[in-house]
file work_18.cif (mmCIF, C-alpha atoms)
data_work
loop_
_atom_site.group_PDB
_atom_site.id
_atom_site.type_symbol
_atom_site.label_atom_id
_atom_site.label_comp_id
_atom_site.auth_asym_id
_atom_site.auth_seq_id
_atom_site.Cartn_x
_atom_site.Cartn_y
_atom_site.Cartn_z
ATOM 1 C CA MET A 1 0.000 0.000 0.000
ATOM 2 C CA THR A 2 1.564 3.324 -1.079
ATOM 3 C CA SER A 3 0.400 6.902 -1.153
ATOM 4 C CA GLU A 4 1.598 10.425 -1.604
ATOM 5 C CA PRO A 5 2.433 12.464 1.532
ATOM 6 C CA GLY A 6 -0.718 13.901 3.039
ATOM 7 C CA GLU A 7 -3.225 11.553 1.397
ATOM 8 C CA GLU A 8 -6.181 11.163 3.713
ATOM 9 C CA ASP A 9 -7.139 7.656 2.558
ATOM 10 C CA ASP A 10 -3.939 5.941 3.747
ATOM 11 C CA ALA A 11 -5.306 3.278 6.112
ATOM 12 C CA ARG A 12 -2.224 3.395 8.292
ATOM 13 C CA LEU A 13 -2.905 7.061 9.039
ATOM 14 C CA SER A 14 -6.501 6.541 10.162
ATOM 15 C CA ASP A 15 -5.242 6.187 13.747
ATOM 16 C CA ALA A 16 -5.293 9.702 15.243
ATOM 17 C CA GLN A 17 -2.368 9.023 17.547
ATOM 18 C CA LEU A 18 -0.201 7.824 14.685
ATOM 19 C CA ARG A 19 -1.090 10.845 12.564
ATOM 20 C CA ALA A 20 -0.346 13.212 15.465
ATOM 21 C CA LEU A 21 2.996 11.510 16.096
ATOM 22 C CA ILE A 22 4.074 11.863 12.470
ATOM 23 C CA LEU A 23 2.681 15.293 11.624
ATOM 24 C CA GLY A 24 3.368 17.048 14.932
ATOM 25 C CA ARG A 25 2.755 20.761 15.396
ATOM 26 C CA ASP A 26 6.026 22.350 14.264
ATOM 27 C CA GLY A 27 5.359 22.780 10.575
ATOM 28 C CA GLN A 28 7.636 19.870 9.621
ATOM 29 C CA GLY A 29 4.876 17.289 9.351
ATOM 30 C CA ALA A 30 5.080 16.904 5.573
ATOM 31 C CA ALA A 31 8.799 16.148 5.750
ATOM 32 C CA ARG A 32 8.291 13.602 8.542
ATOM 33 C CA LEU A 33 5.437 11.963 6.680
ATOM 34 C CA ALA A 34 7.501 11.669 3.505
ATOM 35 C CA PHE A 35 10.442 10.210 5.440
ATOM 36 C CA TRP A 36 8.210 7.738 7.267
ATOM 37 C CA GLN A 37 6.624 6.555 4.044
ATOM 38 C CA ALA A 38 10.035 6.164 2.372
ATOM 39 C CA ALA A 39 11.357 4.212 5.370
ATOM 40 C CA THR A 40 8.371 1.849 5.500
ATOM 41 C CA GLY A 41 8.032 1.355 1.750
ATOM 42 C CA GLY A 42 4.270 1.575 2.056
ATOM 43 C CA LEU A 43 4.061 -1.582 4.205
ATOM 44 C CA ALA A 44 1.852 -1.607 7.273
ATOM 45 C CA ALA A 45 2.950 -3.136 10.567
ATOM 46 C CA PRO A 46 0.933 -6.097 11.917
ATOM 47 C CA ASP A 47 -1.082 -3.969 14.358
ATOM 48 C CA ALA A 48 -1.690 -0.371 15.389
ATOM 49 C CA ALA A 49 0.459 -0.413 18.528
ATOM 50 C CA LEU A 50 3.401 -1.795 16.586
ATOM 51 C CA GLU A 51 2.775 0.745 13.818
ATOM 52 C CA ARG A 52 2.969 3.617 16.311
ATOM 53 C CA GLN A 53 6.153 2.332 17.942
ATOM 54 C CA LEU A 54 7.799 1.691 14.571
ATOM 55 C CA ALA A 55 6.892 5.224 13.486
ATOM 56 C CA ALA A 56 8.449 6.640 16.665
ATOM 57 C CA ASP A 57 11.666 4.688 16.045
ATOM 58 C CA ILE A 58 11.795 5.790 12.402
ATOM 59 C CA LEU A 59 11.236 9.460 13.227
ATOM 60 C CA ALA A 60 13.883 9.359 15.966
ATOM 61 C CA ALA A 61 16.421 8.438 13.271
ATOM 62 C CA MET A 62 15.130 10.877 10.662
ATOM 63 C CA GLU A 63 18.073 13.269 10.430
ATOM 64 C CA GLN A 64 20.739 10.664 11.115
ATOM 65 C CA VAL A 65 19.919 7.557 9.058
ATOM 66 C CA PRO A 66 18.826 7.496 5.380
ATOM 67 C CA ALA A 67 15.269 6.274 4.818
ATOM 68 C CA GLU A 68 16.514 3.529 2.470
ATOM 69 C CA ARG A 69 18.760 2.173 5.247
ATOM 70 C CA LEU A 70 15.804 1.936 7.621
ATOM 71 C CA ARG A 71 13.681 0.342 4.912
ATOM 72 C CA ALA A 72 16.379 -2.295 4.293
ATOM 73 C CA ARG A 73 16.366 -3.297 7.963
ATOM 74 C CA ARG A 74 12.583 -3.425 8.329
ATOM 75 C CA GLY A 75 12.614 -6.886 9.931
ATOM 76 C CA PRO A 76 15.001 -5.953 12.759
ATOM 77 C CA MET A 77 13.201 -2.632 13.268
ATOM 78 C CA LEU A 78 9.837 -4.361 13.614
ATOM 79 C CA ALA A 79 11.377 -6.833 16.071
ATOM 80 C CA ARG A 80 12.918 -3.952 17.999
ATOM 81 C CA ALA A 81 9.577 -2.114 18.122
ATOM 82 C CA ALA A 82 7.876 -5.282 19.378
ATOM 83 C CA SER A 83 10.599 -5.651 22.035
ATOM 84 C CA THR A 84 9.969 -2.081 23.203
ATOM 85 C CA LEU A 85 6.225 -2.694 23.497
ATOM 86 C CA ARG A 86 6.828 -5.942 25.365
ATOM 87 C CA ALA A 87 9.197 -4.231 27.799
ATOM 88 C CA SER A 88 6.838 -1.320 28.469
ATOM 89 C CA ALA A 89 3.909 -3.665 29.149
ATOM 90 C CA ALA A 90 5.789 -6.037 31.460
ATOM 91 C CA SER A 91 5.378 -5.916 35.225
ATOM 92 C CA SER A 92 8.540 -4.716 36.923
ATOM 93 C CA PRO A 93 8.752 -5.714 40.605
ATOM 94 C CA ALA A 94 10.972 -3.585 42.823
ATOM 95 C CA SER A 95 10.949 -5.083 46.325
ATOM 96 C CA LEU A 96 14.701 -4.496 46.794
ATOM 97 C CA ARG A 97 15.949 -2.369 43.910
ATOM 98 C CA HIS A 98 15.097 1.288 43.337
ATOM 99 C CA ALA A 99 11.501 1.784 42.192
ATOM 100 C CA ALA A 100 11.911 4.020 39.145
ATOM 101 C CA ALA A 101 9.621 7.046 38.939
ATOM 102 C CA PRO A 102 8.918 9.420 36.047
ATOM 103 C CA GLY A 103 11.863 11.784 35.638
ATOM 104 C CA ASP A 104 14.415 9.477 37.263
ATOM 105 C CA VAL A 105 16.136 9.081 33.879
ATOM 106 C CA ALA A 106 16.217 11.819 31.236
ATOM 107 C CA ILE A 107 17.747 11.286 27.793
ATOM 108 C CA SER A 108 18.892 14.600 26.317
ATOM 109 C CA HIS A 109 20.447 13.270 23.109
ATOM 110 C CA LEU A 110 20.293 10.051 21.107
ATOM 111 C CA SER A 111 22.583 9.344 18.169
ATOM 112 C CA HIS A 112 22.310 6.422 15.763
ATOM 113 C CA ASP A 113 25.928 5.378 15.267
ATOM 114 C CA PHE A 114 25.286 2.206 13.263
ATOM 115 C CA ASN A 115 22.247 0.600 11.681
ATOM 116 C CA GLY A 116 22.581 -2.907 10.291
ATOM 117 C CA PHE A 117 20.938 -6.156 11.353
ATOM 118 C CA PHE A 118 21.789 -4.880 14.836
ATOM 119 C CA ALA A 119 22.230 -1.226 15.801
ATOM 120 C CA VAL A 120 24.552 0.805 17.999
ATOM 121 C CA GLU A 121 23.221 3.931 19.668
ATOM 122 C CA SER A 122 24.802 6.570 21.918
ATOM 123 C CA LEU A 123 22.743 8.223 24.641
ATOM 124 C CA THR A 124 23.464 11.336 26.683
ATOM 125 C CA LEU A 125 21.476 11.081 29.892
ATOM 126 C CA ASP A 126 21.015 12.138 33.489
ATOM 127 C CA HIS A 127 19.656 9.839 36.181
ATOM 128 C CA ARG A 128 18.722 9.947 39.827
ATOM 129 C CA ARG A 129 21.498 8.954 42.236
ATOM 130 C CA PHE A 130 20.859 6.881 45.344
ATOM 131 C CA ASP A 131 21.449 9.957 47.532
ATOM 132 C CA GLY A 132 18.729 11.859 45.665
ATOM 133 C CA ALA A 133 21.051 14.074 43.612
ATOM 134 C CA THR A 134 21.378 13.857 39.828
ATOM 135 C CA LEU A 135 24.213 12.085 38.028
ATOM 136 C CA GLY A 136 25.077 13.408 34.607
ATOM 137 C CA PRO A 137 25.109 14.259 31.908
ATOM 138 C CA VAL A 138 26.872 11.008 31.007
ATOM 139 C CA ARG A 139 27.318 9.341 27.630
ATOM 140 C CA ARG A 140 26.543 5.658 27.242
ATOM 141 C CA GLU A 141 26.696 3.428 24.175
ATOM 142 C CA VAL A 142 24.300 0.536 23.741
ATOM 143 C CA PHE A 143 24.259 -2.415 21.368
ATOM 144 C CA VAL A 144 20.598 -2.673 20.367
ATOM 145 C CA ALA A 145 19.402 -6.247 19.938
ATOM 146 C CA CYS A 146 15.853 -7.603 19.992
ATOM 147 C CA ASP A 147 14.152 -9.979 22.396
ATOM 148 C CA ALA A 148 15.210 -13.587 21.881
ATOM 149 C CA VAL A 149 14.616 -17.110 23.183
ATOM 150 C CA THR A 150 16.646 -20.189 24.013
ATOM 151 C CA VAL A 151 15.263 -23.724 24.236
ATOM 152 C CA LEU A 152 16.919 -26.820 25.676
ATOM 153 C CA PRO A 153 15.185 -30.012 24.404
ATOM 154 C CA TRP A 154 15.297 -32.607 27.191
ATOM 155 C CA ASP A 155 14.105 -36.205 27.148
ATOM 156 C CA PRO A 156 12.873 -36.945 30.710
ATOM 157 C CA VAL A 157 12.756 -40.738 30.107
ATOM 158 C CA ARG A 158 16.281 -41.115 28.701
ATOM 159 C CA ASP A 159 17.582 -38.095 30.674
ATOM 160 C CA ARG A 160 19.358 -36.726 27.632
ATOM 161 C CA VAL A 161 19.478 -33.315 26.004
ATOM 162 C CA LEU A 162 19.910 -32.039 22.488
ATOM 163 C CA LEU A 163 22.526 -29.326 21.989
ATOM 164 C CA VAL A 164 23.209 -27.448 18.777
ATOM 165 C CA GLU A 165 26.607 -26.444 17.437
ATOM 166 C CA GLN A 166 27.483 -23.628 15.060
ATOM 167 C CA MET A 167 30.224 -21.146 14.290
ATOM 168 C CA ARG A 168 29.706 -17.876 16.173
ATOM 169 C CA VAL A 169 31.221 -14.506 15.268
ATOM 170 C CA GLY A 170 31.326 -13.298 18.883
ATOM 171 C CA PRO A 171 34.088 -15.735 19.886
ATOM 172 C CA LEU A 172 35.697 -15.187 16.482
ATOM 173 C CA ALA A 173 35.858 -11.418 17.034
ATOM 174 C CA ARG A 174 37.284 -11.968 20.534
ATOM 175 C CA GLY A 175 40.113 -14.004 19.018
ATOM 176 C CA ALA A 176 39.020 -17.484 20.094
ATOM 177 C CA ALA A 177 41.024 -20.238 18.400
ATOM 178 C CA ASN A 178 37.798 -22.267 18.077
ATOM 179 C CA PRO A 179 34.674 -20.161 17.413
ATOM 180 C CA TRP A 180 32.299 -23.177 17.187
ATOM 181 C CA GLN A 181 29.940 -23.102 20.155
ATOM 182 C CA LEU A 182 27.682 -25.624 21.872
ATOM 183 C CA GLU A 183 24.361 -23.964 22.644
ATOM 184 C CA ALA A 184 20.687 -24.368 23.277
ATOM 185 C CA VAL A 185 18.385 -23.769 20.323
ATOM 186 C CA ALA A 186 18.070 -19.989 20.066
ATOM 187 C CA GLY A 187 16.694 -17.170 17.962
ATOM 188 C CA ARG A 188 15.023 -13.787 17.756
ATOM 189 C CA VAL A 189 11.382 -13.175 18.700
ATOM 190 C CA ASP A 190 9.922 -11.752 15.497
ATOM 191 C CA ALA A 191 7.248 -9.068 15.431
ATOM 192 C CA GLY A 192 3.806 -10.618 15.680
ATOM 193 C CA GLU A 193 4.833 -13.691 17.671
ATOM 194 C CA THR A 194 5.156 -14.503 21.354
ATOM 195 C CA PRO A 195 8.349 -15.831 22.949
ATOM 196 C CA GLU A 196 6.715 -19.260 23.141
ATOM 197 C CA GLN A 197 5.885 -19.191 19.435
ATOM 198 C CA ALA A 198 9.439 -18.137 18.652
ATOM 199 C CA ALA A 199 10.766 -21.032 20.734
ATOM 200 C CA ARG A 200 8.661 -23.528 18.790
ATOM 201 C CA ARG A 201 9.619 -22.017 15.427
ATOM 202 C CA GLU A 202 13.319 -21.986 16.206
ATOM 203 C CA SER A 203 13.178 -25.597 17.409
ATOM 204 C CA ARG A 204 11.742 -26.658 14.051
ATOM 205 C CA GLU A 205 14.306 -24.637 12.114
ATOM 206 C CA GLU A 206 17.429 -25.492 14.123
ATOM 207 C CA ALA A 207 16.705 -28.991 15.385
ATOM 208 C CA GLY A 208 13.786 -30.387 13.361
ATOM 209 C CA LEU A 209 11.716 -30.740 16.538
ATOM 210 C CA THR A 210 8.002 -30.163 17.090
ATOM 211 C CA LEU A 211 7.615 -29.249 20.748
ATOM 212 C CA GLY A 212 4.798 -29.834 23.180
ATOM 213 C CA ARG A 213 5.130 -28.381 26.652
ATOM 214 C CA LEU A 214 7.543 -25.528 27.336
ATOM 215 C CA VAL A 215 8.838 -24.886 30.852
ATOM 216 C CA GLN A 216 10.168 -21.378 31.418
ATOM 217 C CA VAL A 217 13.502 -21.260 33.206
ATOM 218 C CA ALA A 218 14.034 -17.499 33.431
ATOM 219 C CA ALA A 219 13.543 -14.197 31.629
ATOM 220 C CA TYR A 220 16.538 -11.873 31.853
ATOM 221 C CA TYR A 221 19.036 -9.416 30.396
ATOM 222 C CA PRO A 222 22.233 -11.401 29.651
ATOM 223 C CA SER A 223 24.466 -8.298 29.560
ATOM 224 C CA PRO A 224 22.563 -5.196 30.757
ATOM 225 C CA GLY A 225 25.623 -2.957 30.997
ATOM 226 C CA ALA A 226 25.736 -2.369 27.249
ATOM 227 C CA VAL A 227 23.245 -4.645 25.436
ATOM 228 C CA SER A 228 19.458 -4.236 25.170
ATOM 229 C CA GLU A 229 18.793 -7.927 24.400
ATOM 230 C CA PHE A 230 16.284 -9.684 26.668
ATOM 231 C CA LEU A 231 16.049 -13.482 26.742
ATOM 232 C CA TRP A 232 13.447 -16.072 27.645
ATOM 233 C CA SER A 233 15.036 -19.459 28.340
ATOM 234 C CA TYR A 234 12.971 -22.649 28.234
ATOM 235 C CA VAL A 235 13.320 -26.380 28.786
ATOM 236 C CA ALA A 236 11.231 -28.467 26.376
ATOM 237 C CA PRO A 237 10.416 -32.045 27.483
ATOM 238 C CA VAL A 238 10.450 -34.066 24.257
ATOM 239 C CA ASP A 239 11.168 -37.559 22.949
ATOM 240 C CA LEU A 240 14.821 -37.783 21.813
ATOM 241 C CA PRO A 241 15.535 -41.288 20.474
ATOM 242 C CA ASP A 242 18.856 -42.300 18.921
ATOM 243 C CA GLY A 243 19.371 -40.673 15.545
ATOM 244 C CA ARG A 244 17.233 -37.652 16.399
ATOM 245 C CA ALA A 245 20.117 -35.205 16.010
ATOM 246 C CA GLY A 246 21.074 -34.002 12.554
ATOM 247 C CA ILE A 247 22.182 -30.979 10.564
ATOM 248 C CA HIS A 248 19.632 -28.192 10.250
ATOM 249 C CA GLY A 249 19.281 -24.438 9.726
ATOM 250 C CA LEU A 250 17.825 -22.100 7.141
ATOM 251 C CA ALA A 251 19.830 -21.609 3.969
ATOM 252 C CA GLU A 252 18.459 -18.082 3.534
ATOM 253 C CA GLU A 253 19.928 -17.185 6.930
ATOM 254 C CA ALA A 254 23.277 -18.861 6.147
ATOM 255 C CA GLU A 255 22.776 -21.294 9.024
ATOM 256 C CA ASP A 256 24.816 -24.481 9.378
ATOM 257 C CA ILE A 257 23.712 -26.131 12.627
ATOM 258 C CA ARG A 258 24.663 -29.581 13.900
ATOM 259 C CA GLY A 259 22.731 -31.313 16.677
ATOM 260 C CA HIS A 260 24.245 -33.439 19.451
ATOM 261 C CA LEU A 261 22.392 -35.910 21.675
ATOM 262 C CA LEU A 262 24.104 -36.524 24.986
ATOM 263 C CA PRO A 263 23.278 -37.628 28.534
ATOM 264 C CA PHE A 264 22.412 -34.811 30.889
ATOM 265 C CA ASP A 265 25.383 -35.580 33.165
ATOM 266 C CA LYS A 266 27.709 -35.389 30.156
ATOM 267 C CA ALA A 267 26.394 -31.887 29.419
ATOM 268 C CA LEU A 268 27.286 -30.851 32.972
ATOM 269 C CA GLU A 269 30.777 -32.304 32.466
ATOM 270 C CA LEU A 270 31.184 -30.108 29.387
ATOM 271 C CA VAL A 271 30.254 -27.068 31.472
ATOM 272 C CA ALA A 272 32.904 -28.011 34.038
ATOM 273 C CA SER A 273 35.532 -28.551 31.350
ATOM 274 C CA GLY A 274 34.775 -25.218 29.680
ATOM 275 C CA GLU A 275 33.693 -26.743 26.372
ATOM 276 C CA ILE A 276 30.219 -25.336 27.000
ATOM 277 C CA ALA A 277 30.872 -21.610 27.394
ATOM 278 C CA ASN A 278 27.466 -20.225 26.465
ATOM 279 C CA ALA A 279 25.715 -18.393 29.304
ATOM 280 C CA PRO A 280 22.038 -19.190 28.536
ATOM 281 C CA LEU A 281 22.860 -22.893 28.136
ATOM 282 C CA ILE A 282 24.870 -22.954 31.376
ATOM 283 C CA LEU A 283 22.037 -21.210 33.231
ATOM 284 C CA THR A 284 19.462 -23.642 31.823
ATOM 285 C CA LEU A 285 21.531 -26.743 32.582
ATOM 286 C CA PHE A 286 22.108 -25.665 36.173
ATOM 287 C CA TRP A 287 18.399 -24.900 36.585
ATOM 288 C CA LEU A 288 17.464 -28.296 35.153
ATOM 289 C CA ALA A 289 19.967 -30.019 37.433
ATOM 290 C CA GLY A 290 17.902 -28.839 40.391
ATOM 291 C CA GLN A 291 14.483 -29.386 38.834
ATOM 292 C CA ARG A 292 14.650 -32.455 36.653
ATOM 293 C CA ASP A 293 13.606 -35.000 39.303
ATOM 294 C CA THR A 294 10.497 -32.949 40.065
ATOM 295 C CA LEU A 295 9.780 -32.421 36.371
ATOM 296 C CA ARG A 296 10.341 -36.092 35.557
ATOM 297 C CA ALA A 297 7.941 -37.158 38.305
ATOM 298 C CA ALA A 298 5.278 -34.853 36.887
ATOM 299 C CA LEU A 299 5.824 -35.911 33.293
ATOM 300 C CA ILE A 300 6.386 -39.668 33.392
#

call {"tool": "encode", "arguments": {"input": "work_18.cif", "output": "structure tokens"}}
result
Amino acid sequence: MTSEPGEEDDARLSDAQLRALILGRDGQGAARLAFWQAATGGLAAPDAALERQLAADILAAMEQVPAERLRARRGPMLARAASTLRASAASSPASLRHAAAPGDVAISHLSHDFNGFFAVESLTLDHRRFDGATLGPVRREVFVACDAVTVLPWDPVRDRVLLVEQMRVGPLARGAANPWQLEAVAGRVDAGETPEQAARRESREEAGLTLGRLVQVAAYYPSPGAVSEFLWSYVAPVDLPDGRAGIHGLAEEAEDIRGHLLPFDKALELVASGEIANAPLILTLFWLAGQRDTLRAALI
């Protein structure tokens, strides 16, 4: 669906909040509308809330990132917008930590330093100190990644797990002599799907598994000091007979993923030896070590 700037019959602009966000009141509405349309390519987001958040993200980058660059990374931007909506809607208990109030953090400048599949942004901000004073302005850089999931398939009868192996650029960039990693099944939560749906989709794509029950282990920021990524980690009780592992992955995503079936205790040995050096998998294995007898009793 495409239209010229200002056309009243554009269905995406029928939402008054979206129109107000794009047009504003400063006389620059036509320029923002044209930029937004160029950045979206005339494609509507799956729902109105996502459309509004995507528009806000696009307009925030208007004078820093070319519209064609934003259009080329539409998938990651939609996933990022969905992550933002998910974060803003989530309950945030604060029984011990500081209970954030409006005005506790103020961002005075945001720059878009890099926009690819991932993004890097720099923020200038002030925030409330524990003594009540204000700290700042300070500059912080953040690696912007979307919400993601990890899934550990576990056979409660045979007490074995399925791990996946693939080459990872993180260890490669660090200088690791061997960048192949043993991991849980993992992937991004796309716009329009829940974390549970993403877990099931990724399990089909990376391991050829159709899952039944999912047991949530934890939901967490793996590296909150500089990365926006938020993870849901699951254990998936599933039948894992001999021969169930194989080589999987999507060719269009340049994936080359090998599965490994191994006894649960062997997986713990690989953590101790350092061969498993992947934080979500380590967290999930340690959680399962304490829960698997209870889970097995409930499942078998």

call {"tool": "residues_around", "arguments": {"input": "work_18.cif", "residues": "A:Met167", "least_positions_apart": "4", "cutoff": "7 Å", "atoms": "only C-alpha atoms", "output": "list in words"}}
result
Pro179, Trp180 and Gln181 of chain A

call {"tool": "resolve_selection", "arguments": {"input": "work_18.cif", "expression": "the PyMOL selection byres ((chain A and resi 106) around 10)", "output": "compact mmCIF listing (two decimals) with C-alpha atoms, in the frame of the given file"}}
result
# COMPACT_ATOMS: atom_id res chain seq x y z
CA PRO A 102 8.92 9.42 36.05
CA GLY A 103 11.86 11.78 35.64
CA ASP A 104 14.42 9.48 37.26
CA VAL A 105 16.14 9.08 33.88
CA ILE A 107 17.75 11.29 27.79
CA SER A 108 18.89 14.60 26.32
CA HIS A 109 20.45 13.27 23.11
CA LEU A 123 22.74 8.22 24.64
CA THR A 124 23.46 11.34 26.68
CA LEU A 125 21.48 11.08 29.89
CA ASP A 126 21.02 12.14 33.49
CA HIS A 127 19.66 9.84 36.18
CA ARG A 128 18.72 9.95 39.83
CA GLY A 136 25.08 13.41 34.61
CA PRO A 137 25.11 14.26 31.91

call {"tool": "resolve_selection", "arguments": {"input": "work_18.cif", "expression": "the PyMOL selection byres ((chain A and resi 287) around 12)", "output": "VMD selection string"}}
result
chain A and resid 152 215 to 218 233 to 235 268 280 to 286 288 to 295

call {"tool": "resolve_selection", "arguments": {"input": "work_18.cif", "expression": "the PyMOL selection byres ((chain A and resi 32) around 12)", "output": "MDAnalysis selection string"}}
result
chainID A and resid 5:6 18:31 33:39 55:56 58:63 67

call {"tool": "residues_around", "arguments": {"input": "work_18.cif", "residues": "stretch 262-264 of chain A", "least_positions_apart": "2", "cutoff": "6 Å", "atoms": "only C-alpha atoms", "output": "short mmCIF file (atom, residue, chain, number, x, y, z; two decimals) with C-alpha atoms, in the frame of the given file"}}
result
data_model
loop_
_atom_site.label_atom_id
_atom_site.label_comp_id
_atom_site.auth_asym_id
_atom_site.auth_seq_id
_atom_site.Cartn_x
_atom_site.Cartn_y
_atom_site.Cartn_z
CA ASP A 159 17.58 -38.10 30.67
CA ARG A 160 19.36 -36.73 27.63
CA VAL A 161 19.48 -33.32 26.00
CA LYS A 266 27.71 -35.39 30.16
CA ALA A 267 26.39 -31.89 29.42
#

call {"tool": "atom_distance", "arguments": {"input": "work_18.cif", "atom1": "atom CA of A:Arg258", "atom2": "atom CA of A:Glu202"}}
result
13.8 Å

call {"tool": "closest_residue", "arguments": {"input": "work_18.cif", "among": "A:Ala226, A:Ala49, A:Leu182, A:Leu250", "to": "A:Arg201", "atoms": "all atoms listed in the file"}}
result
A:Leu250

call {"tool": "residues_around", "arguments": {"input": "work_18.cif", "residues": "A:Arg52", "least_positions_apart": "4", "cutoff": "9 Å", "atoms": "all atoms listed in the file", "output": "count of residues only"}}
result
10

call {"tool": "closest_residue", "arguments": {"input": "work_18.cif", "among": "A:Leu135, A:Met77, A:Ala16, A:Val164", "to": "A:Asp190", "atoms": "all atoms listed in the file"}}
result
A:Met77

call {"tool": "atom_distance", "arguments": {"input": "work_18.cif", "atom1": "atom CA of A:Phe118", "atom2": "atom CA of A:Val65"}}
result
13.8 Å

call {"tool": "atom_distance", "arguments": {"input": "work_18.cif", "atom1": "atom CA of A:Glu275", "atom2": "atom CA of A:Glu165"}}
result
11.4 Å

call {"tool": "closest_residue", "arguments": {"input": "work_18.cif", "among": "A:Leu172, A:Val238, A:Val138, A:Ala145", "to": "A:Ile300", "atoms": "only C-alpha atoms"}}
result
A:Val238

call {"tool": "residues_around", "arguments": {"input": "work_18.cif", "residues": "A:Phe114", "least_positions_apart": "4", "cutoff": "12 Å", "atoms": "all atoms listed in the file", "output": "list in words"}}
result
Ala61, Gln64, Val65, Pro66, Arg69, Leu70, Arg73, Phe118, Ala119, Val120, Glu121, Ser122, Glu141, Val142, Phe143 and Val144 of chain A

call {"tool": "residues_near_point", "arguments": {"input": "work_18.cif", "point": "(10.1, -31.1, 17.3)", "cutoff": "12 Å", "atoms": "only C-alpha atoms", "output": "PyMOL selection string"}}
result
chain A and resi 151-155+162+185+199-214+236-241+244-245

call {"tool": "closest_residue", "arguments": {"input": "work_18.cif", "among": "A:Gly116, A:Ala298, A:Thr84, A:Leu54", "to": "A:Glu68", "atoms": "all atoms listed in the file"}}
result
A:Gly116

call {"tool": "closest_residue", "arguments": {"input": "work_18.cif", "among": "A:Glu193, A:Asp113, A:Ala176, A:Val149", "to": "A:Leu78", "atoms": "only C-alpha atoms"}}
result
A:Glu193

call {"tool": "residues_around", "arguments": {"input": "work_18.cif", "residues": "A:Leu231", "least_positions_apart": "6", "cutoff": "7 Å", "atoms": "all atoms listed in the file", "output": "ChimeraX atom specification"}}
result
/A:147-149,219-221

call {"tool": "write_last_selection", "arguments": {"input": "work_18.cif", "atoms": "C-alpha atoms", "output": "PDB file, keeping the file's coordinate frame"}}
result
ATOM      1  CA  ASP A 147      14.152  -9.979  22.396  1.00  0.00           C
ATOM      2  CA  ALA A 148      15.210 -13.587  21.881  1.00  0.00           C
ATOM      3  CA  VAL A 149      14.616 -17.110  23.183  1.00  0.00           C
ATOM      4  CA  ALA A 219      13.543 -14.197  31.629  1.00  0.00           C
ATOM      5  CA  TYR A 220      16.538 -11.873  31.853  1.00  0.00           C
ATOM      6  CA  TYR A 221      19.036  -9.416  30.396  1.00  0.00           C
TER       7      TYR A 221
END

call {"tool": "closest_residue", "arguments": {"input": "work_18.cif", "among": "A:Val157, A:Val271, A:Ala94, A:Leu163", "to": "A:Gly246", "atoms": "only C-alpha atoms"}}
result
A:Leu163

call {"tool": "residues_near_point", "arguments": {"input": "work_18.cif", "point": "(10.5, -9.2, 12.8)", "cutoff": "8 Å", "atoms": "only C-alpha atoms", "output": "PyMOL selection string"}}
result
chain A and resi 74-80+189-192

call {"tool": "decode", "arguments": {"input": "work_18.cif", "residues": "stretch 97-108 of chain A", "atoms": "N, CA and C atoms", "output": "JSON list (two decimals), in the first residue's frame"}}
result
[["chain", "number", "residue", "atom", "x", "y", "z"],
["A", 97, "ARG", "N", 15.30, -3.40, 44.72],
["A", 97, "ARG", "CA", 15.95, -2.37, 43.91],
["A", 97, "ARG", "C", 15.14, -1.07, 43.93],
["A", 98, "HIS", "N", 15.75, -0.01, 43.44],
["A", 98, "HIS", "CA", 15.10, 1.29, 43.34],
["A", 98, "HIS", "C", 13.84, 1.18, 42.48],
["A", 99, "ALA", "N", 12.75, 1.76, 42.94],
["A", 99, "ALA", "CA", 11.50, 1.78, 42.19],
["A", 99, "ALA", "C", 11.51, 3.04, 41.33],
["A", 100, "ALA", "N", 11.77, 2.87, 40.04],
["A", 100, "ALA", "CA", 11.91, 4.02, 39.15],
["A", 100, "ALA", "C", 10.62, 4.81, 39.05],
["A", 101, "ALA", "N", 10.75, 6.14, 39.07],
["A", 101, "ALA", "CA", 9.62, 7.05, 38.94],
["A", 101, "ALA", "C", 9.83, 7.93, 37.72],
["A", 102, "PRO", "N", 8.76, 8.51, 37.18],
["A", 102, "PRO", "CA", 8.92, 9.42, 36.05],
["A", 102, "PRO", "C", 9.94, 10.52, 36.36],
["A", 103, "GLY", "N", 10.84, 10.77, 35.44],
["A", 103, "GLY", "CA", 11.86, 11.78, 35.64],
["A", 103, "GLY", "C", 13.15, 11.27, 36.24],
["A", 104, "ASP", "N", 13.19, 10.01, 36.68],
["A", 104, "ASP", "CA", 14.41, 9.48, 37.26],
["A", 104, "ASP", "C", 15.53, 9.34, 36.23],
["A", 105, "VAL", "N", 15.17, 9.14, 34.97],
["A", 105, "VAL", "CA", 16.14, 9.08, 33.88],
["A", 105, "VAL", "C", 15.66, 10.02, 32.78],
["A", 106, "ALA", "N", 16.55, 10.88, 32.31],
["A", 106, "ALA", "CA", 16.22, 11.82, 31.24],
["A", 106, "ALA", "C", 17.27, 11.73, 30.15],
["A", 107, "ILE", "N", 16.84, 11.38, 28.94],
["A", 107, "ILE", "CA", 17.75, 11.29, 27.79],
["A", 107, "ILE", "C", 17.70, 12.62, 27.04],
["A", 108, "SER", "N", 18.84, 13.30, 26.98],
["A", 108, "SER", "CA", 18.89, 14.60, 26.32],
["A", 108, "SER", "C", 19.34, 14.50, 24.87]]
